[in-house]
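The file final-v7.pdb comes next; it holds PDB, C-alpha atoms and all ligand atoms.
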```pdb
ATOM      1  CA  MET A   1       0.671  24.862  10.096
ATOM      2  CA  LYS A   2      -0.792  23.866   6.703
ATOM      3  CA  ALA A   3      -2.047  27.422   6.250
ATOM      4  CA  GLU A   4       1.350  28.867   7.190
ATOM      5  CA  ILE A   5       3.094  26.719   4.575
ATOM      6  CA  LEU A   6       0.535  27.866   2.003
ATOM      7  CA  ARG A   7       1.112  31.488   2.985
ATOM      8  CA  LEU A   8       4.862  31.120   2.374
ATOM      9  CA  ILE A   9       4.287  29.406  -0.977
ATOM     10  CA  LYS A  10       2.027  32.269  -2.035
ATOM     11  CA  GLN A  11       4.481  34.867  -0.760
ATOM     12  CA  TYR A  12       7.692  33.689  -2.461
ATOM     13  CA  ASN A  13       8.344  33.958  -6.174
ATOM     14  CA  SER A  14      11.305  31.627  -5.990
ATOM     15  CA  ILE A  15      10.726  28.204  -4.454
ATOM     16  CA  ILE A  16      13.357  25.466  -4.229
ATOM     17  CA  ILE A  17      12.186  21.917  -3.568
ATOM     18  CA  ALA A  18      14.784  19.580  -2.065
ATOM     19  CA  ARG A  19      14.886  16.230  -0.230
ATOM     20  CA  HIS A  20      17.399  13.846   1.277
ATOM     21  CA  LYS A  21      20.508  12.626  -0.547
ATOM     22  CA  ASN A  22      20.448   9.160  -2.129
ATOM     23  CA  PRO A  23      16.764   9.625  -2.965
ATOM     24  CA  ASP A  24      14.333   6.743  -2.656
ATOM     25  CA  LEU A  25      10.977   6.754  -4.420
ATOM     26  CA  ASP A  26       9.283   8.663  -1.614
ATOM     27  CA  ALA A  27      11.925  11.403  -1.741
ATOM     28  CA  TYR A  28      11.514  11.692  -5.525
ATOM     29  CA  GLY A  29       7.761  11.251  -5.383
ATOM     30  CA  SER A  30       7.089  13.925  -2.780
ATOM     31  CA  GLN A  31       9.581  16.269  -4.469
ATOM     32  CA  PHE A  32       8.241  15.968  -8.010
ATOM     33  CA  GLY A  33       4.625  15.739  -6.855
ATOM     34  CA  LEU A  34       4.990  19.144  -5.224
ATOM     35  CA  TYR A  35       7.133  20.448  -8.090
ATOM     36  CA  TYR A  36       4.698  19.626 -10.902
ATOM     37  CA  SER A  37       1.759  20.909  -8.903
ATOM     38  CA  LEU A  38       3.449  24.244  -8.075
ATOM     39  CA  LYS A  39       4.634  24.639 -11.687
ATOM     40  CA  GLU A  40       1.052  24.390 -12.890
ATOM     41  CA  LYS A  41      -0.428  26.497 -10.094
ATOM     42  CA  TYR A  42       2.162  29.283 -10.416
ATOM     43  CA  PRO A  43       3.548  29.387 -13.987
ATOM     44  CA  GLU A  44       4.947  32.869 -13.259
ATOM     45  CA  LYS A  45       7.066  31.750 -10.296
ATOM     46  CA  ALA A  46      10.543  30.209 -10.459
ATOM     47  CA  ILE A  47      10.130  26.655  -9.120
ATOM     48  CA  TYR A  48      13.256  24.511  -8.815
ATOM     49  CA  ALA A  49      13.851  20.838  -8.054
ATOM     50  CA  VAL A  50      17.342  20.162  -6.701
ATOM     51  CA  GLY A  51      19.377  17.161  -5.642
ATOM     52  CA  ASP A  52      21.481  14.168  -6.637
ATOM     53  CA  THR A  53      20.071  11.547  -8.946
ATOM     54  CA  ASN A  54      20.230   7.772  -9.326
ATOM     55  CA  SER A  55      18.717   4.893 -11.271
ATOM     56  CA  LEU A  56      15.306   5.345  -9.603
ATOM     57  CA  ASN A  57      14.741   8.679 -11.300
ATOM     58  CA  SER A  58      12.005   8.580 -13.923
ATOM     59  CA  PHE A  59      10.535  11.913 -12.863
ATOM     60  CA  GLY A  60      12.516  14.807 -14.276
ATOM     61  CA  GLU A  61      15.688  16.850 -14.475
ATOM     62  CA  PHE A  62      17.316  18.770 -11.643
ATOM     63  CA  ASP A  63      18.126  22.462 -11.587
ATOM     64  CA  ASP A  64      21.449  24.109 -10.793
ATOM     65  CA  VAL A  65      20.654  26.886  -8.359
ATOM     66  CA  ASN A  66      23.235  29.415  -7.156
ATOM     67  CA  GLN A  67      23.499  30.598  -3.562
ATOM     68  CA  GLU A  68      22.244  34.064  -4.444
ATOM     69  CA  THR A  69      18.976  32.525  -5.607
ATOM     70  CA  TYR A  70      18.847  30.382  -2.478
ATOM     71  CA  SER A  71      19.144  33.449  -0.286
ATOM     72  CA  LYS A  72      15.897  34.917  -1.644
ATOM     73  CA  SER A  73      13.988  31.640  -1.935
ATOM     74  CA  LEU A  74      11.577  29.596   0.057
ATOM     75  CA  VAL A  75      13.356  26.254   0.471
ATOM     76  CA  ILE A  76      11.188  23.190   1.110
ATOM     77  CA  ILE A  77      12.983  20.016   2.230
ATOM     78  CA  LEU A  78      11.049  16.752   1.968
ATOM     79  CA  ASP A  79      11.242  13.272   3.492
ATOM     80  CA  THR A  80      13.894  14.067   6.113
ATOM     81  CA  VAL A  81      14.761  16.528   8.863
ATOM     82  CA  SER A  82      18.201  14.994   9.518
ATOM     83  CA  LYS A  83      21.150  17.263   8.786
ATOM     84  CA  ALA A  84      23.420  14.361   7.819
ATOM     85  CA  LEU A  85      21.052  13.352   5.012
ATOM     86  CA  ILE A  86      20.816  16.793   3.403
ATOM     87  CA  ASP A  87      23.234  18.412   0.951
ATOM     88  CA  PRO A  88      24.741  21.403   2.863
ATOM     89  CA  ASN A  89      24.271  23.645  -0.210
ATOM     90  CA  VAL A  90      20.537  23.386   0.356
ATOM     91  CA  TYR A  91      20.530  25.103   3.751
ATOM     92  CA  LYS A  92      23.550  27.445   3.513
ATOM     93  CA  ASN A  93      21.348  30.349   2.402
ATOM     94  CA  TYR A  94      17.582  30.695   2.351
ATOM     95  CA  ALA A  95      14.869  33.260   2.954
ATOM     96  CA  LYS A  96      12.571  30.735   4.619
ATOM     97  CA  LEU A  97      13.007  27.035   5.289
ATOM     98  CA  VAL A  98      10.177  24.502   5.573
ATOM     99  CA  PHE A  99      10.479  20.810   6.369
ATOM    100  CA  ILE A 100       7.759  18.336   5.419
ATOM    101  CA  ASP A 101       8.492  14.864   6.733
ATOM    102  CA  HIS A 102       7.163  11.696   8.316
ATOM    103  CA  HIS A 103      10.269  10.574  10.235
ATOM    104  CA  ASN A 104      10.441  10.511  13.990
ATOM    105  CA  ASN A 105      13.476  12.799  14.405
ATOM    106  CA  GLU A 106      14.182  16.314  15.606
ATOM    107  CA  ALA A 107      14.836  18.940  12.925
ATOM    108  CA  GLU A 108      18.514  19.819  13.296
ATOM    109  CA  ILE A 109      18.650  22.852  11.013
ATOM    110  CA  PRO A 110      17.137  26.221  12.014
ATOM    111  CA  ASN A 111      13.828  26.480  10.148
ATOM    112  CA  ASP A 112      10.566  28.366   9.918
ATOM    113  CA  ILE A 113       8.191  25.402   9.840
ATOM    114  CA  ALA A 114       8.829  21.706  10.505
ATOM    115  CA  TYR A 115       5.614  19.980   9.444
ATOM    116  CA  GLN A 116       6.075  16.411  10.648
ATOM    117  CA  VAL A 117       3.290  13.849  10.428
ATOM    118  CA  MET A 118       4.946  10.907  12.126
ATOM    119  CA  ASP A 119       2.101   8.446  11.568
ATOM    120  CA  SER A 120       1.976   9.071   7.839
ATOM    121  CA  ALA A 121       3.210   6.119   5.764
ATOM    122  CA  SER A 122       5.093   8.341   3.329
ATOM    123  CA  CYS A 123       6.059  11.929   2.722
ATOM    124  CA  ALA A 124       4.235  11.694  -0.612
ATOM    125  CA  GLU A 125       1.024  11.007   1.315
ATOM    126  CA  ILE A 126       1.540  14.177   3.377
ATOM    127  CA  VAL A 127       2.265  16.237   0.252
ATOM    128  CA  THR A 128      -0.854  14.857  -1.465
ATOM    129  CA  GLU A 129      -2.962  15.767   1.568
ATOM    130  CA  LEU A 130      -1.539  19.282   1.532
ATOM    131  CA  LEU A 131      -2.199  19.721  -2.195
ATOM    132  CA  LEU A 132      -5.789  18.504  -1.750
ATOM    133  CA  ASP A 133      -6.234  20.725   1.295
ATOM    134  CA  TRP A 134      -4.999  23.765  -0.632
ATOM    135  CA  ASP A 135      -7.015  22.783  -3.711
ATOM    136  CA  PHE A 136      -3.850  22.810  -5.854
ATOM    137  CA  PRO A 137      -3.787  21.047  -9.241
ATOM    138  CA  ILE A 138      -2.535  17.465  -9.263
ATOM    139  CA  ASN A 139      -1.684  16.770 -12.884
ATOM    140  CA  LYS A 140      -0.710  13.381 -14.308
ATOM    141  CA  LYS A 141       3.024  13.853 -13.695
ATOM    142  CA  ALA A 142       2.433  14.964 -10.112
ATOM    143  CA  ALA A 143       0.006  12.107  -9.469
ATOM    144  CA  ARG A 144       2.424   9.517 -10.874
ATOM    145  CA  ALA A 145       5.286  10.790  -8.706
ATOM    146  CA  LEU A 146       3.154  10.915  -5.554
ATOM    147  CA  TYR A 147       1.682   7.468  -6.190
ATOM    148  CA  MET A 148       5.142   5.970  -6.686
ATOM    149  CA  GLY A 149       6.288   7.616  -3.454
ATOM    150  CA  ILE A 150       3.386   6.067  -1.592
ATOM    151  CA  ILE A 151       3.804   2.548  -2.933
ATOM    152  CA  GLY A 152       7.567   2.805  -2.495
ATOM    153  CA  ASP A 153       7.351   3.613   1.198
ATOM    154  CA  THR A 154       4.456   1.260   1.943
ATOM    155  CA  GLY A 155       5.837  -1.689  -0.054
ATOM    156  CA  ARG A 156       2.732  -1.702  -2.256
ATOM    157  CA  PHE A 157       0.416  -1.045   0.727
ATOM    158  CA  PHE A 158       1.944  -4.012   2.542
ATOM    159  CA  PHE A 159       3.758  -2.402   5.491
ATOM    160  CA  PRO A 160       1.716  -1.832   8.675
ATOM    161  CA  SER A 161       2.198   1.917   8.207
ATOM    162  CA  THR A 162      -0.511   1.686   5.520
ATOM    163  CA  THR A 163      -3.766   3.242   6.741
ATOM    164  CA  ALA A 164      -7.261   3.864   5.397
ATOM    165  CA  SER A 165      -6.062   7.362   4.592
ATOM    166  CA  THR A 166      -3.147   5.976   2.535
ATOM    167  CA  LEU A 167      -5.573   4.000   0.387
ATOM    168  CA  ARG A 168      -8.013   6.891   0.086
ATOM    169  CA  ILE A 169      -5.243   9.179  -1.107
ATOM    170  CA  ALA A 170      -3.843   6.560  -3.493
ATOM    171  CA  SER A 171      -7.305   6.129  -5.015
ATOM    172  CA  ILE A 172      -7.542   9.884  -5.591
ATOM    173  CA  LEU A 173      -4.156   9.808  -7.344
ATOM    174  CA  ILE A 174      -5.256   6.902  -9.548
ATOM    175  CA  GLU A 175      -8.313   8.934 -10.526
ATOM    176  CA  LYS A 176      -5.914  11.660 -11.668
ATOM    177  CA  GLY A 177      -4.623   9.298 -14.322
ATOM    178  CA  VAL A 178      -1.766   7.201 -12.924
ATOM    179  CA  ASP A 179      -0.905   4.349 -15.298
ATOM    180  CA  ILE A 180      -0.619   1.571 -12.719
ATOM    181  CA  ALA A 181       0.714  -1.009 -15.178
ATOM    182  CA  GLU A 182       3.550   1.293 -16.271
ATOM    183  CA  VAL A 183       4.426   2.208 -12.685
ATOM    184  CA  HIS A 184       4.368  -1.351 -11.366
ATOM    185  CA  ASP A 185       6.314  -2.672 -14.333
ATOM    186  CA  ARG A 186       9.026  -0.085 -13.687
ATOM    187  CA  MET A 187       9.143  -0.700  -9.954
ATOM    188  CA  TYR A 188       8.778  -4.443  -9.662
ATOM    189  CA  THR A 189      10.732  -6.003 -12.465
ATOM    190  CA  GLU A 190      14.440  -6.519 -12.074
ATOM    191  CA  THR A 191      17.314  -7.916 -14.075
ATOM    192  CA  LYS A 192      18.526 -11.505 -13.895
ATOM    193  CA  ARG A 193      21.727 -10.175 -12.354
ATOM    194  CA  THR A 194      19.865  -8.410  -9.550
ATOM    195  CA  LYS A 195      17.957 -11.619  -8.810
ATOM    196  CA  GLN A 196      21.283 -13.452  -8.625
ATOM    197  CA  ILE A 197      22.738 -10.840  -6.238
ATOM    198  CA  LYS A 198      19.694 -11.138  -3.983
ATOM    199  CA  ASN A 199      20.003 -14.895  -4.008
ATOM    200  CA  ASP A 200      23.679 -14.711  -2.998
ATOM    201  CA  PHE A 201      22.857 -12.185  -0.295
ATOM    202  CA  PHE A 202      20.155 -14.404   1.164
ATOM    203  CA  ASN A 203      22.451 -17.410   1.297
ATOM    204  CA  LEU A 204      24.849 -15.441   3.547
ATOM    205  CA  VAL A 205      22.207 -14.421   6.119
ATOM    206  CA  ARG A 206      22.919 -15.618   9.677
ATOM    207  CA  TYR A 207      20.584 -16.191  12.624
ATOM    208  CA  THR A 208      20.845 -15.975  16.402
ATOM    209  CA  ASP A 209      19.161 -18.568  18.637
ATOM    210  CA  ASN A 210      16.214 -16.180  18.960
ATOM    211  CA  ASN A 211      15.971 -15.901  15.173
ATOM    212  CA  LEU A 212      17.332 -12.429  14.769
ATOM    213  CA  ALA A 213      18.391 -12.463  11.109
ATOM    214  CA  TYR A 214      21.504 -10.479  10.285
ATOM    215  CA  SER A 215      23.888  -9.973   7.431
ATOM    216  CA  LEU A 216      27.477  -8.710   7.531
ATOM    217  CA  ASN A 217      28.329  -7.247   4.135
ATOM    218  CA  GLY A 218      32.011  -6.466   3.700
ATOM    219  CA  TYR A 219      34.133  -5.475   0.740
ATOM    220  CA  ASP A 220      34.122  -9.046  -0.601
ATOM    221  CA  PHE A 221      30.386  -9.008  -1.267
ATOM    222  CA  ILE A 222      30.292  -5.387  -2.502
ATOM    223  CA  ASP A 223      33.272  -5.821  -4.841
ATOM    224  CA  LYS A 224      32.153  -9.169  -6.205
ATOM    225  CA  TYR A 225      29.321  -7.461  -8.076
ATOM    226  CA  GLY A 226      30.636  -3.871  -8.145
ATOM    227  CA  LEU A 227      27.773  -2.654  -5.943
ATOM    228  CA  THR A 228      27.386   0.529  -3.904
ATOM    229  CA  SER A 229      27.220   0.383  -0.117
ATOM    230  CA  PHE A 230      23.928   2.237  -0.290
ATOM    231  CA  PHE A 231      22.348  -0.399  -2.521
ATOM    232  CA  VAL A 232      23.516  -3.276  -0.340
ATOM    233  CA  SER A 233      22.490  -1.529   2.870
ATOM    234  CA  ARG A 234      19.084  -0.166   1.907
ATOM    235  CA  GLY A 235      18.259  -2.160  -1.188
ATOM    236  CA  LEU A 236      18.874  -5.616   0.231
ATOM    237  CA  VAL A 237      17.783  -5.340   3.862
ATOM    238  CA  ASN A 238      14.296  -6.589   3.108
ATOM    239  CA  GLN A 239      15.584  -9.759   1.499
ATOM    240  CA  MET A 240      15.437 -10.875   5.145
ATOM    241  CA  ALA A 241      11.759  -9.884   5.444
ATOM    242  CA  GLY A 242       8.869 -12.275   5.256
ATOM    243  CA  MET A 243      10.239 -15.194   7.249
ATOM    244  CA  GLU A 244       7.718 -16.536   9.757
ATOM    245  CA  GLU A 245      10.393 -17.188  12.397
ATOM    246  CA  VAL A 246      12.169 -13.851  11.958
ATOM    247  CA  LYS A 247      10.567 -10.930  13.774
ATOM    248  CA  ILE A 248      13.566  -8.577  13.571
ATOM    249  CA  TRP A 249      16.314  -8.366  10.969
ATOM    250  CA  VAL A 250      19.374  -6.163  10.640
ATOM    251  CA  ASN A 251      21.706  -5.456   7.745
ATOM    252  CA  PHE A 252      25.307  -4.340   8.365
ATOM    253  CA  THR A 253      27.250  -2.991   5.390
ATOM    254  CA  VAL A 254      30.675  -1.409   5.149
ATOM    255  CA  ASP A 255      30.506   2.141   3.769
ATOM    256  CA  THR A 256      33.227   2.094   1.112
ATOM    257  CA  GLU A 257      33.658   5.872   1.397
ATOM    258  CA  THR A 258      34.169   6.112   5.169
ATOM    259  CA  ASP A 259      34.935   2.524   6.244
ATOM    260  CA  LYS A 260      32.165   2.880   8.844
ATOM    261  CA  ILE A 261      29.405   0.306   9.121
ATOM    262  CA  LEU A 262      25.913   1.189   7.907
ATOM    263  CA  CYS A 263      23.238  -0.498   9.979
ATOM    264  CA  GLU A 264      19.630  -0.946   8.818
ATOM    265  CA  ILE A 265      17.142  -2.424  11.283
ATOM    266  CA  ARG A 266      13.676  -3.726  10.414
ATOM    267  CA  SER A 267      10.955  -5.300  12.512
ATOM    268  CA  ARG A 268       7.541  -6.810  11.813
ATOM    269  CA  ALA A 269       5.888  -5.641  15.037
ATOM    270  CA  LEU A 270       8.260  -4.983  17.946
ATOM    271  CA  PRO A 271       9.592  -1.413  18.216
ATOM    272  CA  VAL A 272      13.323  -1.164  17.450
ATOM    273  CA  LEU A 273      13.871   2.578  17.028
ATOM    274  CA  HIS A 274      15.333   2.934  20.544
ATOM    275  CA  VAL A 275      18.209   0.661  19.517
ATOM    276  CA  ALA A 276      19.006   2.805  16.456
ATOM    277  CA  LYS A 277      18.830   5.920  18.626
ATOM    278  CA  LYS A 278      21.171   4.376  21.207
ATOM    279  CA  TYR A 279      23.812   4.354  18.444
ATOM    280  CA  CYS A 280      22.992   7.924  17.315
ATOM    281  CA  GLY A 281      20.688   6.827  14.488
ATOM    282  CA  GLY A 282      17.017   7.385  13.799
ATOM    283  CA  GLY A 283      14.080   6.663  11.511
ATOM    284  CA  HIS A 284      10.759   4.979  12.118
ATOM    285  CA  LEU A 285       9.558   2.808  14.999
ATOM    286  CA  ARG A 286      10.066  -0.434  13.043
ATOM    287  CA  ALA A 287      12.357   0.682  10.214
ATOM    288  CA  CYS A 288      15.408   2.618  11.244
ATOM    289  CA  GLY A 289      19.166   2.769  11.037
ATOM    290  CA  CYS A 290      22.425   4.024  12.428
ATOM    291  CA  THR A 291      26.126   4.164  11.549
ATOM    292  CA  LEU A 292      28.723   2.236  13.554
ATOM    293  CA  ASP A 293      32.469   2.821  13.833
ATOM    294  CA  SER A 294      33.585  -0.791  13.469
ATOM    295  CA  TRP A 295      32.536  -4.407  12.918
ATOM    296  CA  GLU A 296      33.136  -4.902  16.634
ATOM    297  CA  ASP A 297      30.161  -2.606  17.353
ATOM    298  CA  THR A 298      27.835  -4.785  15.279
ATOM    299  CA  LYS A 299      27.993  -7.332  18.097
ATOM    300  CA  LEU A 300      26.504  -4.765  20.487
ATOM    301  CA  VAL A 301      23.597  -4.017  18.149
ATOM    302  CA  ILE A 302      22.973  -7.729  17.579
ATOM    303  CA  LYS A 303      22.962  -8.250  21.353
ATOM    304  CA  ASP A 304      20.489  -5.387  21.927
ATOM    305  CA  LEU A 305      18.112  -6.604  19.221
ATOM    306  CA  ASP A 306      18.419 -10.202  20.331
ATOM    307  CA  LYS A 307      17.476  -9.128  23.841
ATOM    308  CA  ILE A 308      14.210  -7.653  22.535
ATOM    309  CA  LEU A 309      13.384 -11.025  20.976
ATOM    310  CA  GLU A 310      14.450 -12.926  24.068
ATOM    311  CA  GLU A 311      12.160 -10.803  26.247
ATOM    312  CA  ASN A 312       9.224 -11.194  23.891
ATOM    313  CA  ASN A 313       9.575 -14.884  23.171
ATOM    314  CA  GLY A 314       9.425 -15.717  26.852
TER     315      GLY A 314
HETATM  316 MN    MN B   1       9.771   8.489   3.170
END
```
Written as structure tokens, how would this file's structure read?
Ligand SMILES: [Mn+2]
Amino acid sequence: MKAEILRLIKQYNSIIIARHKNPDLDAYGSQFGLYYSLKEKYPEKAIYAVGDTNSLNSFGEFDDVNQETYSKSLVIILDTVSKALIDPNVYKNYAKLVFIDHHNNEAEIPNDIAYQVMDSASCAEIVTELLLDWDFPINKKAARALYMGIIGDTGRFFFPSTTASTLRIASILIEKGVDIAEVHDRMYTETKRTKQIKNDFFNLVRYTDNNLAYSLNGYDFIDKYGLTSFFVSRGLVNQMAGMEEVKIWVNFTVDTETDKILCEIRSRALPVLHVAKKYCGGGHLRACGCTLDSWEDTKLVIKDLDKILEENNG
């Protein structure tokens, strides 16, 4: 499969690199890692990076690409295979479509290659392995993006998804000139206000008898600080991590655009993905999510997760 991806990259003179909406550091990192490598390897080709942006972007600008260009391009989508997470403009027209991802889901869009390495800690790790395998250049900008993707998705090599291979690949990227102090300073300092928000969030966390930690974030919390649902849902879920008694935690947040309830589930060791899938969600074995229709449904998810704890405590 690696060779087939390489063959397509060689074949197409127009290559569009995309990833999921609401990019996290792994989405950016894998995207710009591949982008800066391909730009250097093929200066004569048209290489595009496309997508929405947010405050995490310290990597580069995005291109406006028209559908005519799409229709003759190789489109590579990174860090997801889920239709709901991809801008429809990205897969309306394409010559060939390749997915590169590490999530445990089925690709829902017709494609030519879905290269999924489920046990990889990050998509950036997969991209780095591909670039090394193909002997493509990894310049400083590419290395920085890939490294940030890896530490973003592994929580600084802390999550159990971290493997010997993760560390080997990170060390190669550091050798390519990543400024660790600059990267870590950007990623792990936050404003006084953010600290205050996290503190308030933590004080509202509730617990079941089996120590399932959960948080119900409605409009009151979101509006108090003028936050986005995405930030509260994904950015605050791990404020519940790291408690000895809490093996599973779940963050419920109202989506201010749809009024549905975003649900993010995390677990230290016990698998929880089947619960997310039961409610039409997906993700990783111990870090996954789903979307619920109402607050009433949160009780069902809490009950299912609590049952896992109940069965494993006894
Ligand atoms: Mn990822």
Check what the PyMOL selection byres (((chain A and resi 122) around 9) and not hetatm) selects in the file above and give those residues as a PDB file with C-alpha atoms, in the coordinates of the input.
```
ATOM      1  CA  ASP A  26       9.283   8.663  -1.614  1.00  0.00           C
ATOM      2  CA  SER A  30       7.089  13.925  -2.780  1.00  0.00           C
ATOM      3  CA  ASP A  79      11.242  13.272   3.492  1.00  0.00           C
ATOM      4  CA  ASP A 101       8.492  14.864   6.733  1.00  0.00           C
ATOM      5  CA  HIS A 102       7.163  11.696   8.316  1.00  0.00           C
ATOM      6  CA  HIS A 103      10.269  10.574  10.235  1.00  0.00           C
ATOM      7  CA  ASP A 119       2.101   8.446  11.568  1.00  0.00           C
ATOM      8  CA  SER A 120       1.976   9.071   7.839  1.00  0.00           C
ATOM      9  CA  ALA A 121       3.210   6.119   5.764  1.00  0.00           C
ATOM     10  CA  CYS A 123       6.059  11.929   2.722  1.00  0.00           C
ATOM     11  CA  ALA A 124       4.235  11.694  -0.612  1.00  0.00           C
ATOM     12  CA  GLU A 125       1.024  11.007   1.315  1.00  0.00           C
ATOM     13  CA  ILE A 126       1.540  14.177   3.377  1.00  0.00           C
ATOM     14  CA  VAL A 127       2.265  16.237   0.252  1.00  0.00           C
ATOM     15  CA  GLY A 149       6.288   7.616  -3.454  1.00  0.00           C
ATOM     16  CA  ILE A 150       3.386   6.067  -1.592  1.00  0.00           C
ATOM     17  CA  ILE A 151       3.804   2.548  -2.933  1.00  0.00           C
ATOM     18  CA  GLY A 152       7.567   2.805  -2.495  1.00  0.00           C
ATOM     19  CA  ASP A 153       7.351   3.613   1.198  1.00  0.00           C
ATOM     20  CA  THR A 154       4.456   1.260   1.943  1.00  0.00           C
ATOM     21  CA  SER A 161       2.198   1.917   8.207  1.00  0.00           C
ATOM     22  CA  THR A 162      -0.511   1.686   5.520  1.00  0.00           C
ATOM     23  CA  THR A 166      -3.147   5.976   2.535  1.00  0.00           C
TER      24      THR A 166
END
```
Exercise. Please measure the separation of CA of Ile76 (chain A) and CA of His184 (chain A), giving the value in Å to one decimal.
Key: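 Value for the CA of Ile76 (chain A)-CA of His184 (chain A) distance: 28.4 Å.
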Self-check item: Test item: residues at most 10 Å from region 50-61 of chain A, all atoms listed in the file, excluding those fewer than 6 positions along its chain, as a list of chain:residue names
Solution: A:Ile16, A:Ile17, A:Ala18, A:Arg19, A:His20, A:Lys21, A:Asn22, A:Pro23, A:Asp24, A:Leu25, A:Tyr28, A:Gly29, A:Gln31, A:Phe32, A:Gly33, A:Tyr35, A:Tyr36, A:Ile77, A:Ile86, A:Asp87, A:Asn89, A:Val90, A:Lys141, A:Ala142, A:Arg144, A:Ala145, A:Val183, A:Arg186, A:Met187
Practice problem: Kindly give the distance, in Å, that separates CA of Ile113 (chain A) and CA of Leu78 (chain A), rounded to a single decimal. | Solution: 12.0 Å
Exercise. Mind checking which residues fall within 7 Å of region 277-287 of chain A, counting all atoms listed in the file, ignoring those fewer than 6 positions away in the same chain, and posting them as a list in words?
Key: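 In the requested format, the answer is His103, Asn104, Asn105, Ile265, Arg266, Ser267, Arg268, Ala269, Leu270 and Pro271 of chain A.
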Reconstructed region 201-212 of chain A, atom set N, CA and C atoms, as a PDB file, in the frame of the given file:
```pdb
ATOM      1  N   PHE A 201      23.005 -12.894  -1.569  1.00  0.00           N
ATOM      2  CA  PHE A 201      22.857 -12.185  -0.295  1.00  0.00           C
ATOM      3  C   PHE A 201      22.111 -13.067   0.704  1.00  0.00           C
ATOM      4  N   PHE A 202      21.002 -13.622   0.258  1.00  0.00           N
ATOM      5  CA  PHE A 202      20.155 -14.404   1.164  1.00  0.00           C
ATOM      6  C   PHE A 202      20.887 -15.627   1.707  1.00  0.00           C
ATOM      7  N   ASN A 203      21.721 -16.215   0.864  1.00  0.00           N
ATOM      8  CA  ASN A 203      22.451 -17.410   1.297  1.00  0.00           C
ATOM      9  C   ASN A 203      23.485 -17.101   2.378  1.00  0.00           C
ATOM     10  N   LEU A 204      23.844 -15.823   2.546  1.00  0.00           N
ATOM     11  CA  LEU A 204      24.849 -15.441   3.547  1.00  0.00           C
ATOM     12  C   LEU A 204      24.226 -14.939   4.859  1.00  0.00           C
ATOM     13  N   VAL A 205      22.885 -14.914   4.910  1.00  0.00           N
ATOM     14  CA  VAL A 205      22.207 -14.421   6.119  1.00  0.00           C
ATOM     15  C   VAL A 205      22.453 -15.378   7.288  1.00  0.00           C
ATOM     16  N   ARG A 206      22.703 -14.805   8.468  1.00  0.00           N
ATOM     17  CA  ARG A 206      22.919 -15.618   9.677  1.00  0.00           C
ATOM     18  C   ARG A 206      21.779 -15.380  10.663  1.00  0.00           C
ATOM     19  N   TYR A 207      21.683 -16.262  11.657  1.00  0.00           N
ATOM     20  CA  TYR A 207      20.584 -16.191  12.624  1.00  0.00           C
ATOM     21  C   TYR A 207      21.088 -16.441  14.038  1.00  0.00           C
ATOM     22  N   THR A 208      20.548 -15.673  14.994  1.00  0.00           N
ATOM     23  CA  THR A 208      20.845 -15.975  16.402  1.00  0.00           C
ATOM     24  C   THR A 208      19.879 -17.066  16.877  1.00  0.00           C
ATOM     25  N   ASP A 209      20.057 -17.533  18.083  1.00  0.00           N
ATOM     26  CA  ASP A 209      19.161 -18.568  18.637  1.00  0.00           C
ATOM     27  C   ASP A 209      17.722 -18.067  18.729  1.00  0.00           C
ATOM     28  N   ASN A 210      17.570 -16.746  18.887  1.00  0.00           N
ATOM     29  CA  ASN A 210      16.214 -16.180  18.960  1.00  0.00           C
ATOM     30  C   ASN A 210      15.679 -15.760  17.593  1.00  0.00           C
ATOM     31  N   ASN A 211      16.377 -16.205  16.544  1.00  0.00           N
ATOM     32  CA  ASN A 211      15.971 -15.901  15.173  1.00  0.00           C
ATOM     33  C   ASN A 211      16.002 -14.422  14.822  1.00  0.00           C
ATOM     34  N   LEU A 212      16.993 -13.731  15.347  1.00  0.00           N
ATOM     35  CA  LEU A 212      17.332 -12.429  14.769  1.00  0.00           C
ATOM     36  C   LEU A 212      18.123 -12.742  13.494  1.00  0.00           C
TER      37      LEU A 212
END
```
